[in-house]
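Following: one structure in structure tokens, then a few remarks.
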Amino acid sequence: MSKKTREQRFALRVALYVLRQNGFLDPTKRHVLNFVRDKGFLCFPEAELQKRWVTDSDEIWENDVSWRRKDLYMAGEIDSPEPGRWRLTDVGIHKIEQSKATWLKLSDPEKQRRFLATFDYFTPALITWLLKIAQGQDLSLPKRTTY
């Protein structure tokens, strides 16, 4: 599995966890992708912000992250209660829960810097969310109905 794939799978799992904590138990694909983009969970090279073909409805990064949903589905971490909807399973939730102790170490700015230096797509915003989850902070989102 490529580094890019691992990073996108991780960020997608975290995004679904945060959305779930805000009452979005089975958000739509578009909702999840907008959330990942708007919250800055991943940074993308300019080339991935383009469309592969003129007829594509998704940008390259959106298509790639959508395939990561399929990977997580195959691993039992996500299911689809209906087409176009994504839901984190108990397996996915457990992966998040068992990672909290590791994420607490990221409260040290030097560890954050070293952590980010080893990844291509992760952002400081993602680390902020990991720390919120690990520290049991409020994960409430501003009152918006869509992303």
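Chain lettering (A, B, ...) mirrors the order of the structure tokens, residue numbering begins at 1 for each chain separately, and ligand numbering begins at 1 in order of display.
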
Q: Run DSSP on the backbone and give me the residues of chain A it puts in strand (DSSP E), as a ChimeraX atom specification.
A: /A:78-79,87-88

So that I have them on file, write out the residues from the current selection with C-alpha atoms, as a PDB file, in the first residue's frame.
```pdb
ATOM      1  CA  ILE A  78     -16.793   1.574   6.678  1.00  0.00           C
ATOM      2  CA  ASP A  79     -20.100   0.378   5.363  1.00  0.00           C
ATOM      3  CA  ARG A  87     -20.707   5.104   7.715  1.00  0.00           C
ATOM      4  CA  LEU A  88     -17.881   4.282  10.100  1.00  0.00           C
TER       5      LEU A  88
END
```

Q.
From a backbone DSSP assignment, name each residue in chain A labelled alpha helix (DSSP H), as JSON, numbers by chain.
A. {"A": [3, 4, 5, 6, 7, 8, 9, 10, 11, 12, 13, 14, 15, 16, 17, 18, 19, 20, 21, 29, 30, 31, 32, 33, 34, 35, 36, 37, 38, 60, 61, 62, 63, 64, 65, 66, 67, 68, 69, 70, 71, 72, 73, 74, 90, 91, 92, 93, 94, 95, 96, 97, 98, 99, 100, 101, 102, 103, 104, 109, 110, 111, 112, 113, 114, 115, 116, 117, 124, 125, 126, 127, 128, 129, 130, 131, 132, 133, 134]}

Q: Using CA of Glu59 (chain A) and CA of Arg85 (chain A) as the two end points, give the distance in Å to one decimal.
A: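 Separating CA of Glu59 (chain A) from CA of Arg85 (chain A) is a distance of 18.9 Å.
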
**Q.** 12 Å contact set for Leu116 (chain A), only C-alpha atoms, chain neighbours under 4 positions out, as a list in words
**A.**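 Residues near the query, excluding close chain neighbours: Glu7, Leu42, Cys43, Leu106, Pro109, Glu110, Lys111, Gln112, Asp120, Tyr121, Phe122, Thr123, Pro124, Ala125, Leu126 and Ile127 of chain A.
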
Q: Find the residues near region 8-23 of chain A: any atom within 7 Å, counting only C-alpha atoms, skip ones fewer than 4 places away on the same chain, and give them as a list of chain:residue names.
A: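 Here the answer would be A:Lys4, A:Val36, A:Phe41, A:Val65, A:Arg68, A:Leu72, A:Leu88, A:Gly92, A:Ile93, A:Leu139, A:Ser140, A:Leu141.
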
Q) Nearest to Lys51 (chain A) among A:Arg69, A:Asp64, A:Ala75, A:Lys39, with distances taken over only C-alpha atoms: which residue is it? A) A:Asp64

Q: Show which residues sit within 12 Å of Thr28 (chain A), as number ranges by chain. Count only C-alpha atoms, and ignore same-chain residues fewer than 2 positions away.
A: A: 16, 19, 24-26, 30-35, 66, 69, 80-87, 146-147

(Q) Between CA of Thr118 (chain A) and CA of Glu46 (chain A), what distance in Å does the model show, to one decimal? (A)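 Rounded to one decimal, the two atoms are 19.9 Å apart.
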